[in-house]
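Inspection log for the structure reproduced underneath, given as structure tokens.
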Amino acid sequence: MKKFNHVIVRRPCRALTEGITSGLFPGKPNYELALKQHDAYIEALKECGVDVTVLPADERYPDSCFVEDPALLTRACAIITNPGAPSRNGEKDEIIDAVRKFYPEEKIRYIQAPGTLEGGDVMMVGDHFYVGRSARTNEEGIRQLTEILAEFGMTCSEVHLEEVLHLKTGVNYLENNIMLVSGEFVDKPEFMKYHRVQIPEEEAYAANCIWVNDTVIVPEGYPAVLAAVKDLGYRTIVVDTSEYRKLDGGLSCLSLRF
Ligand code: CIR
């Protein structure tokens, strides 16, 4: 099934080495290697039949390659978020022009302060959106998101987060009623209705796989997850994200798919 036609990515900047990190995966990113991994990521996406818009690196924002966070792009509307991390908040102003190339102004909405929202907290399941209430996404941001989605005939429900940075750090939807779940998401009642594939704790990072038009891109180094995704019948592409992982970033964080 072809669902996505377009992808937006942003090249990592040299300041990537100063990006926000929880320290869960120690070390500073190697910029040259990060660039190579980004090249491979773009190639993988192209193999999934999407056109890829590559935005230039922005040195003012160390984390700006994690382009999923400043916007949410749906079939009916685009939402410019209001990132809760102060060092990332200005990224919302830099994504607008790219979004306007694909959405007319009357279909673009903006999350307004004091509401905060980051795209990594939003998981799309058809026309329903699960949104994580996190250190980055607050109650008012979720309220505004719910209102905007309703305006365009879509729904939203809140998921309480306890451990992870973003909702999609630990749970990702692979279409066809299939969800990859790890850690705190394994027994969340709201996900019981899906076919849940439980990720072993030592491979928790790989809960962040992305489905792109019936191919699933899987991070390198997670054999159990790769085998599980293959067993589901998906074509897979493996991409190394080691340098982004050091900043708690994964495959979904690096693109907007729509
Ligand atoms: C941050 O802490 O904001 C970045 N270092 C990582 C962002 C990951 N993005 C995502 O999960 N959507």
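If you're wondering about the labels, chains in the structure tokens are A, B, ... by order shown, residues count from 1 in each chain, ligands from 1 in order shown.
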
Segment 169-218 of chain A: which residues are strand (DSSP E or B) by DSSP, as a PyMOL selection string? chain A and resi 171-173+178-181+195-198+210-212+215-218

Writer output for current selection, N, CA, C and O atoms, as a short mmCIF file (atom, residue, chain, number, x, y, z; two decimals), in the first residue's frame:
data_model
loop_
_atom_site.label_atom_id
_atom_site.label_comp_id
_atom_site.auth_asym_id
_atom_site.auth_seq_id
_atom_site.Cartn_x
_atom_site.Cartn_y
_atom_site.Cartn_z
N VAL A 171 6.97 3.20 21.20
CA VAL A 171 5.88 2.50 20.52
C VAL A 171 5.73 3.08 19.11
O VAL A 171 5.79 4.29 18.92
N ASN A 172 5.60 2.19 18.12
CA ASN A 172 5.44 2.65 16.74
C ASN A 172 4.46 1.76 16.00
O ASN A 172 4.43 0.55 16.19
N TYR A 173 3.67 2.40 15.15
CA TYR A 173 2.63 1.70 14.41
C TYR A 173 3.16 1.31 13.04
O TYR A 173 3.71 2.14 12.31
N ILE A 178 -0.72 -3.46 13.37
CA ILE A 178 0.48 -3.97 14.06
C ILE A 178 1.24 -2.84 14.75
O ILE A 178 1.49 -1.79 14.16
N MET A 179 1.62 -3.09 15.98
CA MET A 179 2.34 -2.09 16.75
C MET A 179 3.58 -2.72 17.39
O MET A 179 3.50 -3.82 17.93
N LEU A 180 4.69 -2.01 17.31
CA LEU A 180 5.88 -2.44 18.04
C LEU A 180 5.83 -1.76 19.41
O LEU A 180 5.71 -0.53 19.47
N VAL A 181 5.90 -2.54 20.47
CA VAL A 181 5.80 -1.95 21.81
C VAL A 181 6.99 -2.37 22.67
O VAL A 181 7.44 -3.51 22.62
N HIS A 195 -2.36 -5.76 17.26
CA HIS A 195 -1.45 -6.90 17.32
C HIS A 195 -0.11 -6.33 17.77
O HIS A 195 0.58 -5.65 17.01
N ARG A 196 0.23 -6.59 19.03
CA ARG A 196 1.43 -5.96 19.60
C ARG A 196 2.63 -6.89 19.50
O ARG A 196 2.55 -8.05 19.89
N VAL A 197 3.71 -6.36 18.99
CA VAL A 197 4.94 -7.14 18.93
C VAL A 197 5.84 -6.57 20.02
O VAL A 197 6.26 -5.41 19.96
N GLN A 198 6.10 -7.41 21.02
CA GLN A 198 6.86 -6.93 22.17
C GLN A 198 8.36 -6.97 21.90
O GLN A 198 8.91 -8.00 21.48
N ILE A 210 10.37 2.58 11.29
CA ILE A 210 9.34 3.31 10.55
C ILE A 210 8.81 2.49 9.37
O ILE A 210 9.57 1.87 8.64
N TRP A 211 7.49 2.54 9.24
CA TRP A 211 6.80 1.92 8.11
C TRP A 211 6.70 2.98 7.00
O TRP A 211 6.21 4.08 7.23
N VAL A 212 7.20 2.65 5.82
CA VAL A 212 7.06 3.57 4.68
C VAL A 212 6.60 2.75 3.49
O VAL A 212 7.39 2.01 2.88
N THR A 215 7.35 -1.03 3.38
CA THR A 215 8.71 -1.39 3.79
C THR A 215 8.89 -0.87 5.22
O THR A 215 8.38 0.20 5.55
N VAL A 216 9.59 -1.64 6.03
CA VAL A 216 9.89 -1.15 7.38
C VAL A 216 11.40 -0.93 7.48
O VAL A 216 12.20 -1.82 7.19
N ILE A 217 11.76 0.30 7.84
CA ILE A 217 13.18 0.62 8.04
C ILE A 217 13.49 0.35 9.51
O ILE A 217 12.77 0.79 10.41
N VAL A 218 14.55 -0.44 9.73
CA VAL A 218 14.90 -0.94 11.07
C VAL A 218 16.31 -0.43 11.38
O VAL A 218 17.19 -0.47 10.50
#

Phe152 of chain A surroundings by only C-alpha atoms, 10 Å radius, close-in-sequence under 2 positions cut, as a count of residues only: 12

Contacts to ligand 1 at 7 Å cut-off (only C-alpha atoms and all ligand atoms) as a count of residues only: 21

Point-to-point distance from atom CA of Val7 of chain A to atom CA of Asn138 of chain A, Å rounded to tenths: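 That distance, rounded to one decimal, is 26.6 Å.
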
So that I can see what lies close to Cys156 of chain A, please list as a tab-separated table (two decimals) with N, CA and C atoms, in the first residue's frame the residues with an atom at most 10 Å from it, counting only C-alpha atoms and leaving out residues fewer than 2 positions away in the same chain.
chain	number	residue	atom	x	y	z
A	122	VAL	N	3.68	12.20	18.84
A	122	VAL	CA	2.40	11.95	18.16
A	122	VAL	C	2.54	10.73	17.24
A	123	MET	N	1.67	9.76	17.46
A	123	MET	CA	1.68	8.54	16.64
A	123	MET	C	0.36	8.45	15.88
A	124	MET	N	0.50	8.37	14.56
A	124	MET	CA	-0.69	8.34	13.70
A	124	MET	C	-1.12	6.89	13.46
A	125	VAL	N	-2.39	6.62	13.72
A	125	VAL	CA	-2.97	5.31	13.41
A	125	VAL	C	-4.22	5.60	12.58
A	127	ASP	N	-6.80	7.71	11.07
A	127	ASP	CA	-7.23	9.07	11.38
A	127	ASP	C	-7.26	9.34	12.88
A	128	HIS	N	-6.67	8.42	13.64
A	128	HIS	CA	-6.57	8.65	15.08
A	128	HIS	C	-5.12	8.93	15.45
A	129	PHE	N	-4.94	9.84	16.37
A	129	PHE	CA	-3.58	10.22	16.76
A	129	PHE	C	-3.42	10.03	18.26
A	130	TYR	N	-2.45	9.21	18.64
A	130	TYR	CA	-2.10	9.07	20.05
A	130	TYR	C	-1.05	10.12	20.35
A	131	VAL	N	-1.24	10.82	21.46
A	131	VAL	CA	-0.25	11.85	21.79
A	131	VAL	C	0.24	11.66	23.22
A	142	ILE	N	-1.81	19.43	23.93
A	142	ILE	CA	-2.68	18.31	23.55
A	142	ILE	C	-4.10	18.81	23.31
A	143	ARG	N	-4.53	19.74	24.14
A	143	ARG	CA	-5.88	20.30	23.94
A	143	ARG	C	-5.98	20.98	22.57
A	145	LEU	N	-4.09	20.46	19.94
A	145	LEU	CA	-3.96	19.45	18.88
A	145	LEU	C	-5.30	18.75	18.65
A	146	THR	N	-5.96	18.39	19.76
A	146	THR	CA	-7.25	17.69	19.67
A	146	THR	C	-8.27	18.54	18.91
A	147	GLU	N	-8.27	19.82	19.22
A	147	GLU	CA	-9.21	20.74	18.57
A	147	GLU	C	-8.91	20.85	17.07
A	148	ILE	N	-7.65	20.97	16.74
A	148	ILE	CA	-7.27	21.10	15.32
A	148	ILE	C	-7.63	19.83	14.56
A	149	LEU	N	-7.30	18.68	15.12
A	149	LEU	CA	-7.59	17.43	14.43
A	149	LEU	C	-9.09	17.26	14.23
A	150	ALA	N	-9.88	17.64	15.25
A	150	ALA	CA	-11.34	17.52	15.15
A	150	ALA	C	-11.86	18.39	14.01
A	154	MET	N	-10.54	14.36	12.39
A	154	MET	CA	-9.67	13.32	12.95
A	154	MET	C	-9.74	13.36	14.49
A	158	GLU	N	-4.86	10.97	24.60
A	158	GLU	CA	-3.60	11.18	25.33
A	158	GLU	C	-3.06	9.89	25.92
A	159	VAL	N	-1.76	9.74	25.86
A	159	VAL	CA	-1.10	8.60	26.49
A	159	VAL	C	-0.15	9.19	27.53

Just give me the gap between atom CA of Leu33 of chain A and atom CA of Asn213 of chain A in Å, one decimal is fine.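 Here the two named atoms are 27.3 Å from each other.
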
For Ala78 of chain A, please output as JSON, numbers by chain all residues within 8 Å (counting only C-alpha atoms; exclusion window: fewer than 4 positions along the same chain). {"A": [71, 72, 73, 74, 99, 103, 107, 108, 109]}

Find the residues near Leu226 of chain A: any atom within 12 Å, counting only C-alpha atoms, skip ones fewer than 4 places away on the same chain, and give them as number ranges by chain. A: 180, 197, 199-200, 203, 206-209, 216-222, 230-239

Correct to one decimal, the distance atom CA of Lys193 of chain A-atom CA of Gly170 of chain A is 17.2 Å

I need the residue nearest Arg133 of chain A from this list: A:Asn5, A:Ser182, A:Ser157, A:Thr17. Use only C-alpha atoms for the distance. A:Ser157

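With distances restricted to only C-alpha atoms, A:Leu24 is the closest residue to Val164 of chain A from A:Leu24, A:Cys48, A:Leu254, A:Ile111.
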
Shortest interatomic distance to Glu91 of chain A - which of A:Glu47, A:Glu106, A:Glu118, A:Glu202, counting only C-alpha atoms: A:Glu118

What lies within 9 Å of Ile42 of chain A using only C-alpha atoms, ignoring chain neighbours under 5 positions off, as number ranges by chain? A: 9, 37, 47, 52, 54

Emit the selected residues as a tab-separated table (two decimals), in the first residue's frame, including N, CA, C and O atoms.
chain	number	residue	atom	x	y	z
A	9	VAL	N	13.45	15.92	5.20
A	9	VAL	CA	14.53	15.70	6.16
A	9	VAL	C	15.36	16.99	6.24
A	9	VAL	O	15.26	17.84	5.35
A	37	GLN	N	25.52	8.40	7.56
A	37	GLN	CA	24.30	7.69	7.97
A	37	GLN	C	23.06	8.40	7.44
A	37	GLN	O	22.07	7.76	7.08
A	47	GLU	N	14.06	4.42	-1.74
A	47	GLU	CA	13.71	3.05	-2.14
A	47	GLU	C	12.27	2.68	-1.78
A	47	GLU	O	11.74	1.68	-2.26
A	52	VAL	N	12.07	12.94	-1.69
A	52	VAL	CA	12.66	13.42	-0.44
A	52	VAL	C	13.12	14.87	-0.60
A	52	VAL	O	13.93	15.17	-1.48
A	54	VAL	N	15.26	17.69	0.91
A	54	VAL	CA	16.39	17.76	1.86
A	54	VAL	C	16.64	19.22	2.22
A	54	VAL	O	17.11	20.00	1.39

For Ile8 of chain A, the nearest of the candidates A:Glu32, A:Asp39, A:Glu105, A:Asp51, counting only C-alpha atoms: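 Ranked by minimum distance to Ile8 of chain A, first place goes to A:Asp51.
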